[in-house]
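Peer 1: Okay, so here is run-v7.cif, and as you'll see once you scroll down, it has mmCIF, C-alpha atoms, pLDDT in the B column; chains and numbers go by the auth columns.
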data_entry
#
loop_
_atom_site.group_PDB
_atom_site.id
_atom_site.type_symbol
_atom_site.label_atom_id
_atom_site.label_comp_id
_atom_site.label_asym_id
_atom_site.label_seq_id
_atom_site.Cartn_x
_atom_site.Cartn_y
_atom_site.Cartn_z
_atom_site.B_iso_or_equiv
_atom_site.auth_seq_id
_atom_site.auth_asym_id
ATOM 1 C CA MET A 1 -25.916 -17.082 -12.480 48.00 1 A
ATOM 2 C CA ALA A 2 -22.723 -17.465 -14.488 41.00 2 A
ATOM 3 C CA VAL A 3 -19.789 -15.375 -13.335 44.00 3 A
ATOM 4 C CA GLY A 4 -16.871 -16.230 -15.519 42.00 4 A
ATOM 5 C CA ALA A 5 -13.445 -17.600 -14.700 47.00 5 A
ATOM 6 C CA GLU A 6 -12.519 -20.228 -12.146 63.00 6 A
ATOM 7 C CA GLY A 7 -12.069 -19.071 -8.593 74.00 7 A
ATOM 8 C CA PRO A 8 -11.443 -20.578 -5.152 87.00 8 A
ATOM 9 C CA GLN A 9 -12.769 -24.110 -4.699 87.00 9 A
ATOM 10 C CA THR A 10 -13.516 -23.787 -0.974 92.00 10 A
ATOM 11 C CA GLU A 11 -14.813 -21.066 1.330 93.00 11 A
ATOM 12 C CA SER A 12 -11.589 -21.046 3.357 93.00 12 A
ATOM 13 C CA THR A 13 -9.600 -20.420 0.169 94.00 13 A
ATOM 14 C CA LEU A 14 -12.018 -17.671 -0.840 95.00 14 A
ATOM 15 C CA LEU A 15 -11.519 -15.899 2.485 95.00 15 A
ATOM 16 C CA LEU A 16 -7.758 -15.781 1.903 94.00 16 A
ATOM 17 C CA ASN A 17 -8.497 -13.182 -0.810 92.00 17 A
ATOM 18 C CA LEU A 18 -10.621 -10.823 1.294 96.00 18 A
ATOM 19 C CA PRO A 19 -10.463 -7.199 0.038 97.00 19 A
ATOM 20 C CA PRO A 20 -8.569 -4.812 2.374 96.00 20 A
ATOM 21 C CA THR A 21 -11.786 -2.791 2.800 96.00 21 A
ATOM 22 C CA ASN A 22 -13.382 -5.622 4.772 98.00 22 A
ATOM 23 C CA GLN A 23 -14.412 -4.334 8.233 97.00 23 A
ATOM 24 C CA PRO A 24 -15.089 -7.313 10.533 96.00 24 A
ATOM 25 C CA GLY A 25 -17.988 -6.838 12.928 96.00 25 A
ATOM 26 C CA VAL A 26 -19.728 -3.833 11.342 96.00 26 A
ATOM 27 C CA TYR A 27 -22.768 -5.858 10.253 96.00 27 A
ATOM 28 C CA PRO A 28 -25.178 -6.723 13.118 95.00 28 A
ATOM 29 C CA ARG A 29 -25.042 -10.481 13.754 94.00 29 A
ATOM 30 C CA SER A 30 -28.584 -10.341 15.161 93.00 30 A
ATOM 31 C CA LEU A 31 -29.889 -9.987 11.585 93.00 31 A
ATOM 32 C CA LEU A 32 -28.354 -13.260 10.407 94.00 32 A
ATOM 33 C CA THR A 33 -30.412 -16.446 10.173 92.00 33 A
ATOM 34 C CA GLY A 34 -29.398 -19.778 11.653 89.00 34 A
ATOM 35 C CA ASP A 35 -25.787 -20.652 10.897 93.00 35 A
ATOM 36 C CA GLU A 36 -25.442 -17.982 8.204 96.00 36 A
ATOM 37 C CA ARG A 37 -21.849 -16.778 7.877 96.00 37 A
ATOM 38 C CA VAL A 38 -20.615 -13.311 6.868 97.00 38 A
ATOM 39 C CA LEU A 39 -17.966 -13.461 4.150 97.00 39 A
ATOM 40 C CA PHE A 40 -17.443 -9.734 3.579 98.00 40 A
ATOM 41 C CA GLU A 41 -18.751 -6.604 5.328 98.00 41 A
ATOM 42 C CA THR A 42 -17.960 -2.932 4.990 98.00 42 A
ATOM 43 C CA ARG A 43 -19.245 0.629 5.070 97.00 43 A
ATOM 44 C CA PRO A 44 -19.303 2.992 2.091 96.00 44 A
ATOM 45 C CA SER A 45 -16.810 5.809 1.727 94.00 45 A
ATOM 46 C CA LEU A 46 -18.059 8.848 3.654 91.00 46 A
ATOM 47 C CA VAL A 47 -16.641 11.353 1.174 89.00 47 A
ATOM 48 C CA ALA A 48 -17.795 9.418 -1.911 91.00 48 A
ATOM 49 C CA MET A 49 -21.338 9.000 -0.546 86.00 49 A
ATOM 50 C CA TYR A 50 -21.924 12.520 0.762 85.00 50 A
ATOM 51 C CA TRP A 51 -19.358 14.680 -1.041 83.00 51 A
ATOM 52 C CA GLY A 52 -22.046 17.032 -2.384 78.00 52 A
ATOM 53 C CA ARG A 53 -23.695 17.663 0.987 78.00 53 A
ATOM 54 C CA LEU A 54 -20.401 17.948 2.818 76.00 54 A
ATOM 55 C CA THR A 55 -19.076 20.449 0.269 78.00 55 A
ATOM 56 C CA LEU A 56 -22.172 22.642 0.616 79.00 56 A
ATOM 57 C CA LEU A 57 -22.073 22.486 4.409 74.00 57 A
ATOM 58 C CA LEU A 58 -18.398 23.366 4.541 76.00 58 A
ATOM 59 C CA LEU A 59 -18.900 26.292 2.138 76.00 59 A
ATOM 60 C CA TRP A 60 -21.827 27.445 4.280 71.00 60 A
ATOM 61 C CA ALA A 61 -19.662 27.264 7.405 68.00 61 A
ATOM 62 C CA LEU A 62 -16.809 29.168 5.731 68.00 62 A
ATOM 63 C CA LEU A 63 -19.239 31.821 4.504 67.00 63 A
ATOM 64 C CA PHE A 64 -20.586 32.470 7.996 64.00 64 A
ATOM 65 C CA ILE A 65 -17.110 32.386 9.509 62.00 65 A
ATOM 66 C CA GLY A 66 -15.921 34.943 6.967 61.00 66 A
ATOM 67 C CA ALA A 67 -18.932 37.190 7.570 58.00 67 A
ATOM 68 C CA THR A 68 -18.544 36.950 11.336 59.00 68 A
ATOM 69 C CA ILE A 69 -14.843 37.806 11.203 60.00 69 A
ATOM 70 C CA GLY A 70 -15.615 40.742 8.945 57.00 70 A
ATOM 71 C CA VAL A 71 -18.155 42.158 11.373 55.00 71 A
ATOM 72 C CA GLY A 72 -15.819 41.524 14.300 55.00 72 A
ATOM 73 C CA LEU A 73 -12.941 43.346 12.661 54.00 73 A
ATOM 74 C CA SER A 74 -15.168 46.309 11.834 56.00 74 A
ATOM 75 C CA GLY A 75 -15.744 46.943 15.524 52.00 75 A
ATOM 76 C CA GLY A 76 -17.959 44.191 16.851 53.00 76 A
ATOM 77 C CA GLY A 77 -15.408 42.994 19.375 54.00 77 A
ATOM 78 C CA LEU A 78 -14.081 39.587 20.279 51.00 78 A
ATOM 79 C CA THR A 79 -17.107 38.644 22.386 57.00 79 A
ATOM 80 C CA PHE A 80 -19.472 39.393 19.530 53.00 80 A
ATOM 81 C CA LEU A 81 -17.233 37.440 17.177 53.00 81 A
ATOM 82 C CA ILE A 82 -17.366 34.314 19.370 56.00 82 A
ATOM 83 C CA VAL A 83 -21.116 34.496 20.085 56.00 83 A
ATOM 84 C CA ALA A 84 -22.140 35.212 16.503 54.00 84 A
ATOM 85 C CA GLY A 85 -19.863 32.518 15.140 55.00 85 A
ATOM 86 C CA SER A 86 -21.271 29.934 17.548 60.00 86 A
ATOM 87 C CA ILE A 87 -24.880 30.769 16.707 60.00 87 A
ATOM 88 C CA LEU A 88 -24.434 30.861 12.937 59.00 88 A
ATOM 89 C CA ASP A 89 -22.259 27.775 12.662 64.00 89 A
ATOM 90 C CA ALA A 90 -24.210 25.570 15.105 71.00 90 A
ATOM 91 C CA PRO A 91 -26.751 24.373 12.451 77.00 91 A
ATOM 92 C CA VAL A 92 -23.876 23.501 10.107 74.00 92 A
ATOM 93 C CA VAL A 93 -22.163 21.422 12.774 78.00 93 A
ATOM 94 C CA ILE A 94 -25.428 19.606 13.566 83.00 94 A
ATOM 95 C CA LEU A 95 -26.034 18.808 9.889 84.00 95 A
ATOM 96 C CA ILE A 96 -22.465 17.545 9.442 82.00 96 A
ATOM 97 C CA LEU A 97 -22.880 15.282 12.473 86.00 97 A
ATOM 98 C CA LEU A 98 -26.172 14.017 11.018 88.00 98 A
ATOM 99 C CA VAL A 99 -24.475 13.169 7.718 87.00 99 A
ATOM 100 C CA ILE A 100 -21.722 11.296 9.566 90.00 100 A
ATOM 101 C CA PHE A 101 -24.327 9.375 11.596 93.00 101 A
ATOM 102 C CA LEU A 102 -26.226 8.380 8.434 91.00 102 A
ATOM 103 C CA TRP A 103 -22.967 7.143 6.927 93.00 103 A
ATOM 104 C CA HIS A 104 -22.188 5.144 10.070 93.00 104 A
ATOM 105 C CA GLN A 105 -25.611 3.463 9.908 95.00 105 A
ATOM 106 C CA THR A 106 -25.059 2.262 6.327 96.00 106 A
ATOM 107 C CA VAL A 107 -23.532 -1.213 6.097 97.00 107 A
ATOM 108 C CA TYR A 108 -23.024 -3.700 3.259 98.00 108 A
ATOM 109 C CA ALA A 109 -22.607 -7.442 3.766 98.00 109 A
ATOM 110 C CA LEU A 110 -22.132 -10.593 1.729 98.00 110 A
ATOM 111 C CA THR A 111 -22.866 -13.880 3.497 97.00 111 A
ATOM 112 C CA ASP A 112 -22.703 -17.483 2.333 95.00 112 A
ATOM 113 C CA ARG A 113 -26.393 -17.145 1.329 94.00 113 A
ATOM 114 C CA ARG A 114 -27.234 -13.583 0.303 96.00 114 A
ATOM 115 C CA VAL A 115 -26.186 -9.996 -0.291 96.00 115 A
ATOM 116 C CA MET A 116 -27.495 -7.229 1.995 96.00 116 A
ATOM 117 C CA ARG A 117 -27.644 -3.484 2.545 96.00 117 A
ATOM 118 C CA LEU A 118 -28.676 -1.826 5.804 95.00 118 A
ATOM 119 C CA SER A 119 -29.234 1.930 6.135 94.00 119 A
ATOM 120 C CA GLY A 120 -31.393 4.677 7.628 91.00 120 A
ATOM 121 C CA LEU A 121 -31.339 6.682 10.865 88.00 121 A
ATOM 122 C CA ARG A 122 -32.612 3.657 12.793 90.00 122 A
ATOM 123 C CA ARG A 123 -31.264 1.143 10.303 90.00 123 A
ATOM 124 C CA SER A 124 -34.863 0.523 9.288 89.00 124 A
ATOM 125 C CA THR A 125 -34.109 0.259 5.553 92.00 125 A
ATOM 126 C CA PHE A 126 -33.051 -3.300 4.812 93.00 126 A
ATOM 127 C CA VAL A 127 -32.637 -4.795 1.341 92.00 127 A
ATOM 128 C CA ASP A 128 -31.351 -8.290 0.641 93.00 128 A
ATOM 129 C CA ALA A 129 -31.274 -10.854 -2.159 93.00 129 A
ATOM 130 C CA PRO A 130 -30.346 -14.558 -1.986 93.00 130 A
ATOM 131 C CA TYR A 131 -27.644 -15.698 -4.396 94.00 131 A
ATOM 132 C CA ASP A 132 -30.138 -17.663 -6.478 90.00 132 A
ATOM 133 C CA GLN A 133 -32.303 -14.575 -7.078 91.00 133 A
ATOM 134 C CA VAL A 134 -29.488 -12.331 -8.334 94.00 134 A
ATOM 135 C CA GLN A 135 -29.714 -12.240 -12.124 91.00 135 A
ATOM 136 C CA ASN A 136 -26.860 -9.852 -12.825 93.00 136 A
ATOM 137 C CA LEU A 137 -23.877 -8.170 -11.185 94.00 137 A
ATOM 138 C CA THR A 138 -22.847 -4.730 -12.416 96.00 138 A
ATOM 139 C CA LEU A 139 -19.716 -2.791 -11.531 97.00 139 A
ATOM 140 C CA VAL A 140 -20.723 0.886 -11.538 96.00 140 A
ATOM 141 C CA PRO A 141 -17.707 3.112 -12.347 94.00 141 A
ATOM 142 C CA GLY A 142 -17.055 6.547 -10.941 91.00 142 A
ATOM 143 C CA PHE A 143 -16.146 8.186 -7.648 89.00 143 A
ATOM 144 C CA SER A 144 -19.529 7.323 -6.093 89.00 144 A
ATOM 145 C CA GLY A 145 -19.958 4.034 -7.961 93.00 145 A
ATOM 146 C CA GLY A 146 -20.040 0.534 -6.599 96.00 146 A
ATOM 147 C CA ILE A 147 -21.794 -2.766 -7.280 97.00 147 A
ATOM 148 C CA LYS A 148 -25.415 -3.364 -8.280 97.00 148 A
ATOM 149 C CA PHE A 149 -27.065 -6.720 -7.625 96.00 149 A
ATOM 150 C CA ASP A 150 -30.107 -7.035 -9.885 94.00 150 A
ATOM 151 C CA ALA A 151 -32.618 -9.466 -8.386 90.00 151 A
ATOM 152 C CA THR A 152 -35.538 -8.685 -10.691 76.00 152 A
ATOM 153 C CA PRO A 153 -37.530 -11.920 -11.185 69.00 153 A
ATOM 154 C CA PRO A 154 -37.154 -13.339 -14.735 59.00 154 A
ATOM 155 C CA GLY A 155 -40.125 -12.502 -16.933 57.00 155 A
ATOM 156 C CA ALA A 156 -41.566 -10.064 -14.406 53.00 156 A
ATOM 157 C CA PRO A 157 -43.702 -7.223 -15.796 51.00 157 A
ATOM 158 C CA SER A 158 -41.953 -3.892 -16.106 47.00 158 A
ATOM 159 C CA ARG A 159 -44.695 -2.193 -14.104 46.00 159 A
ATOM 160 C CA LEU A 160 -47.412 -3.201 -11.685 45.00 160 A
ATOM 161 C CA ILE A 161 -50.988 -1.937 -11.803 40.00 161 A
ATOM 162 C CA VAL A 162 -50.205 0.736 -9.224 46.00 162 A
ATOM 163 C CA GLY A 163 -47.435 2.036 -11.489 46.00 163 A
ATOM 164 C CA ARG A 164 -44.488 0.922 -9.384 44.00 164 A
ATOM 165 C CA LYS A 165 -41.604 -0.890 -11.052 47.00 165 A
ATOM 166 C CA PHE A 166 -41.454 -4.591 -10.281 51.00 166 A
ATOM 167 C CA ALA A 167 -37.725 -4.712 -9.607 59.00 167 A
ATOM 168 C CA LYS A 168 -35.355 -5.362 -6.758 85.00 168 A
ATOM 169 C CA THR A 169 -31.814 -4.032 -6.699 92.00 169 A
ATOM 170 C CA VAL A 170 -29.304 -4.128 -3.882 95.00 170 A
ATOM 171 C CA TYR A 171 -26.877 -1.275 -4.539 96.00 171 A
ATOM 172 C CA TRP A 172 -23.560 -0.924 -2.756 97.00 172 A
ATOM 173 C CA ASN A 173 -22.855 2.666 -3.788 96.00 173 A
ATOM 174 C CA ALA A 174 -19.822 4.775 -2.826 95.00 174 A
ATOM 175 C CA LEU A 175 -17.907 1.532 -2.386 96.00 175 A
ATOM 176 C CA SER A 176 -14.177 1.836 -1.712 95.00 176 A
ATOM 177 C CA ASP A 177 -11.906 -0.269 -3.957 95.00 177 A
ATOM 178 C CA SER A 178 -14.997 -1.476 -5.852 96.00 178 A
ATOM 179 C CA PRO A 179 -13.078 -3.430 -8.588 96.00 179 A
ATOM 180 C CA ARG A 180 -11.357 -5.564 -5.947 96.00 180 A
ATOM 181 C CA VAL A 181 -14.637 -6.142 -4.084 97.00 181 A
ATOM 182 C CA TYR A 182 -16.391 -6.947 -7.364 97.00 182 A
ATOM 183 C CA THR A 183 -13.846 -9.687 -8.108 96.00 183 A
ATOM 184 C CA PHE A 184 -14.312 -11.153 -4.623 97.00 184 A
ATOM 185 C CA VAL A 185 -18.101 -11.124 -5.007 97.00 185 A
ATOM 186 C CA GLN A 186 -17.838 -12.860 -8.381 96.00 186 A
ATOM 187 C CA GLN A 187 -15.706 -15.572 -6.824 95.00 187 A
ATOM 188 C CA ALA A 188 -18.202 -16.006 -3.970 96.00 188 A
ATOM 189 C CA PHE A 189 -21.074 -16.408 -6.439 95.00 189 A
ATOM 190 C CA ALA A 190 -19.065 -18.875 -8.522 93.00 190 A
ATOM 191 C CA LEU A 191 -18.256 -20.931 -5.416 93.00 191 A
ATOM 192 C CA HIS A 192 -21.927 -20.944 -4.419 91.00 192 A
ATOM 193 C CA SER A 193 -22.951 -22.177 -7.886 89.00 193 A
ATOM 194 C CA GLN A 194 -20.293 -24.889 -7.811 87.00 194 A
ATOM 195 C CA THR A 195 -21.396 -26.031 -4.341 84.00 195 A
ATOM 196 C CA ALA A 196 -25.040 -26.154 -5.448 77.00 196 A
ATOM 197 C CA VAL A 197 -24.153 -28.311 -8.464 76.00 197 A
ATOM 198 C CA GLU A 198 -22.112 -30.693 -6.298 73.00 198 A
ATOM 199 C CA LYS A 199 -24.935 -30.957 -3.744 71.00 199 A
ATOM 200 C CA GLY A 200 -27.440 -31.717 -6.508 68.00 200 A
ATOM 201 C CA ALA A 201 -25.171 -34.434 -7.882 63.00 201 A
ATOM 202 C CA ARG A 202 -24.835 -36.016 -4.428 63.00 202 A
ATOM 203 C CA LEU A 203 -28.588 -35.993 -3.864 60.00 203 A
ATOM 204 C CA ALA A 204 -29.179 -37.562 -7.296 60.00 204 A
ATOM 205 C CA LEU A 205 -26.635 -40.299 -6.518 50.00 205 A
ATOM 206 C CA ILE A 206 -28.270 -41.011 -3.148 55.00 206 A
ATOM 207 C CA ALA A 207 -31.668 -41.217 -4.822 56.00 207 A
ATOM 208 C CA ARG A 208 -30.318 -43.737 -7.317 53.00 208 A
ATOM 209 C CA LEU A 209 -28.780 -45.819 -4.537 48.00 209 A
ATOM 210 C CA HIS A 210 -32.087 -45.877 -2.677 58.00 210 A
ATOM 211 C CA GLU A 211 -34.150 -47.039 -5.662 65.00 211 A
ATOM 212 C CA GLY A 212 -36.037 -50.205 -4.797 70.00 212 A
ATOM 213 C CA ARG A 213 -35.709 -49.551 -1.075 77.00 213 A
ATOM 214 C CA ILE A 214 -37.998 -48.254 1.635 78.00 214 A
ATOM 215 C CA THR A 215 -37.132 -46.559 4.912 81.00 215 A
ATOM 216 C CA CYS A 216 -38.427 -48.066 8.134 83.00 216 A
ATOM 217 C CA GLU A 217 -40.282 -45.379 10.064 82.00 217 A
ATOM 218 C CA TYR A 218 -39.140 -46.852 13.397 84.00 218 A
ATOM 219 C CA CYS A 219 -35.439 -47.735 13.099 88.00 219 A
ATOM 220 C CA ARG A 220 -34.753 -45.719 9.904 83.00 220 A
ATOM 221 C CA ALA A 221 -33.122 -48.724 8.235 83.00 221 A
ATOM 222 C CA LEU A 222 -33.172 -49.013 4.439 81.00 222 A
ATOM 223 C CA VAL A 223 -35.047 -52.189 3.504 82.00 223 A
ATOM 224 C CA ASP A 224 -34.765 -53.904 0.132 78.00 224 A
ATOM 225 C CA ILE A 225 -38.337 -54.301 -1.148 76.00 225 A
ATOM 226 C CA GLN A 226 -37.497 -57.647 -2.758 75.00 226 A
ATOM 227 C CA GLN A 227 -36.719 -59.074 0.698 76.00 227 A
ATOM 228 C CA VAL A 228 -40.063 -58.073 2.168 76.00 228 A
ATOM 229 C CA ASN A 229 -42.999 -60.485 2.586 78.00 229 A
ATOM 230 C CA THR A 230 -45.737 -58.577 0.777 71.00 230 A
ATOM 231 C CA SER A 231 -48.493 -60.393 2.693 70.00 231 A
ATOM 232 C CA SER A 232 -47.113 -59.084 6.006 76.00 232 A
ATOM 233 C CA PRO A 233 -44.513 -56.373 5.290 82.00 233 A
ATOM 234 C CA LYS A 234 -42.226 -55.975 8.275 83.00 234 A
ATOM 235 C CA CYS A 235 -38.761 -54.545 8.807 84.00 235 A
ATOM 236 C CA PRO A 236 -36.225 -57.394 8.964 83.00 236 A
ATOM 237 C CA ARG A 237 -34.169 -55.369 11.429 82.00 237 A
ATOM 238 C CA CYS A 238 -36.682 -54.311 14.097 87.00 238 A
ATOM 239 C CA GLY A 239 -39.840 -56.214 13.079 83.00 239 A
ATOM 240 C CA ALA A 240 -41.963 -53.057 12.836 82.00 240 A
ATOM 241 C CA PRO A 241 -44.602 -52.922 10.087 84.00 241 A
ATOM 242 C CA LEU A 242 -43.439 -51.208 6.930 78.00 242 A
ATOM 243 C CA VAL A 243 -45.526 -48.350 5.571 74.00 243 A
ATOM 244 C CA ALA A 244 -45.270 -47.213 1.961 67.00 244 A
ATOM 245 C CA PRO A 245 -44.109 -43.572 1.677 63.00 245 A
ATOM 246 C CA SER A 246 -46.812 -41.072 0.832 56.00 246 A
ATOM 247 C CA ALA A 247 -46.701 -39.585 -2.649 48.00 247 A
#
Can the structure in the file be given as structure tokens, please?

Peer 2:
Amino acid sequence: MAVGAEGPQTESTLLLNLPPTNQPGVYPRSLLTGDERVLFETRPSLVAMYWGRLTLLLLWALLFIGATIGVGLSGGGLTFLIVAGSILDAPVVILILLVIFLWHQTVYALTDRRVMRLSGLRRSTFVDAPYDQVQNLTLVPGFSGGIKFDATPPGAPSRLIVGRKFAKTVYWNALSDSPRVYTFVQQAFALHSQTAVEKGARLALIARLHEGRITCEYCRALVDIQQVNTSSPKCPRCGAPLVAPSA
């Protein structure tokens, strides 16, 4: 995937430009594979993600508080005011705590291999996409916007037989300082592409250097085929019989 202008040439240089919204340690390391490294991790903005629900809950709480105070002032007494307020506002408090817990369970992460989103009450909703599968990055503007990683396979049908869309999108919504994070993500993708090209070039060079040679299965030495006695092919280093590599 092409991402535009030149960026950092090494991972250490890339990490010097980490966005301020990076929150080290929020992504569970138990979900990483092998020596996978986290480059950036964060949570969404609580207000940007749940502003609608929080506004309704706060208005609900204020409504009940106002009604309770009104009844108390009309002769209900202080005790009634406290008891009624506690009963009426308890569901609001519980729902607000639930919203905060859902926010806390939502985590975004970018590693040296893939992009991920973890969410849900038990963090059971997990979506990820390796760099090589991401076809497009989109910066979504707005208060609750963020970054969309489109990993829809090229040439995939728009719909399956069951009617579900054949698409995969990792969406970091309600992302704080999304333009800065978007730039960092672009640089990470560019570095990954550059590293992949360099690795491919090295492997091609090694393959060219090994042309006309065979690897001994015993001592792992590279043996020039022209120096081998074809009637009794043996490794000149360890004397073990040479076996032609399988196709």

Peer 1: Selected by the PyMOL selection byres ((chain A and resi 223-240) around 6) in the shown coordinates: which residues, as number ranges by chain?

Peer 2: A: 212-214, 222, 241-242

Peer 1: Suppose a student applies the PyMOL selection byres ((chain A and resi 20) around 10) to this structure; what residues should they get, written as an MDAnalysis selection string?

Peer 2: chainID A and resid 17:19 21:23 42 176:177 180:181

Peer 1: Any chance you could work out the residue set of the PyMOL selection byres ((chain A and resi 138) around 12) here, as a list in words?

Peer 2: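 When the PyMOL selection byres ((chain A and resi 138) around 12) is applied, the selected residues are Val3, Val134, Gln135, Asn136, Leu137, Leu139, Val140, Pro141, Gly145, Gly146, Ile147, Lys148, Phe149, Asp150, Ala151, Thr169, Val170, Tyr171, Trp172, Asn173, Ser178, Pro179, Val181, Tyr182, Thr183, Val185 and Gln186 of chain A.
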
Peer 1: Let me make sure I understand: among A:Leu95, A:Gly7, A:Tyr108, A:Pro24, which one has the smallest atom-to-atom distance to Ser45 in chain A if we use all atoms listed in the file?

Peer 2: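 Answer, going by the shortest atom-to-atom distance: A:Tyr108.
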
Peer 1: Please determine, counting only C-alpha atoms, which residue among A:Leu32, A:Gly25, A:Gln9, A:Ile96 has the shortest atom-to-atom distance to Glu198 in chain A.

Peer 2: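 Ranked by minimum distance to Glu198 in chain A, first place goes to A:Gln9.
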
Peer 1: Could you tell me how far CA of Arg114 in chain A sits from CA of Asp128 in chain A, in Å to one decimal place?

Peer 2: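 Those two atoms sit 6.7 Å apart.
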
Peer 1: State, in Å with one decimal place, the distance from CA of Ala190 in chain A to CA of Arg43 in chain A.

Peer 2: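 One can read the CA of Ala190 in chain A to CA of Arg43 in chain A distance as 23.8 Å.
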
Peer 1: If you measure from CA of Ser144 in chain A to CA of Leu98 in chain A, what distance in Å do you get, rounded to one decimal?

Peer 2: 19.5 Å

Peer 1: Could you give me, as a VMD selection string, the residues that sit within 6 Å of (-18.7, -8.6, 9.3) in the file's coordinates, counting only C-alpha atoms?

Peer 2: chain A and resid 24 to 27 38 40 to 41

Peer 1: Can you work out which one of A:Ile94, A:Leu39, A:Val99, A:Glu217 has the shortest atom-to-atom distance to Leu16 in chain A, counting all atoms listed in the file?

Peer 2: A:Leu39

Peer 1: Kindly indicate which residue among A:Pro28, A:Pro91, A:Pro44, A:Pro8 lies nearest to Phe189 in chain A, using all atoms listed in the file for the distances.

Peer 2: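 Residue with the minimum atom-to-atom distance to Phe189 in chain A: A:Pro8.
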
Peer 1: So that all listed atoms of range 224-241 of chain A fit with 5 Å spare on each side, what axis-aligned box centre and edge lengths in Å, to one decimal, would you give as lines of an AutoDock Vina configuration file?

Peer 2:
center_x = -41.3
center_y = -56.7
center_z = 5.7
size_x = 24.3
size_y = 17.6
size_z = 26.9
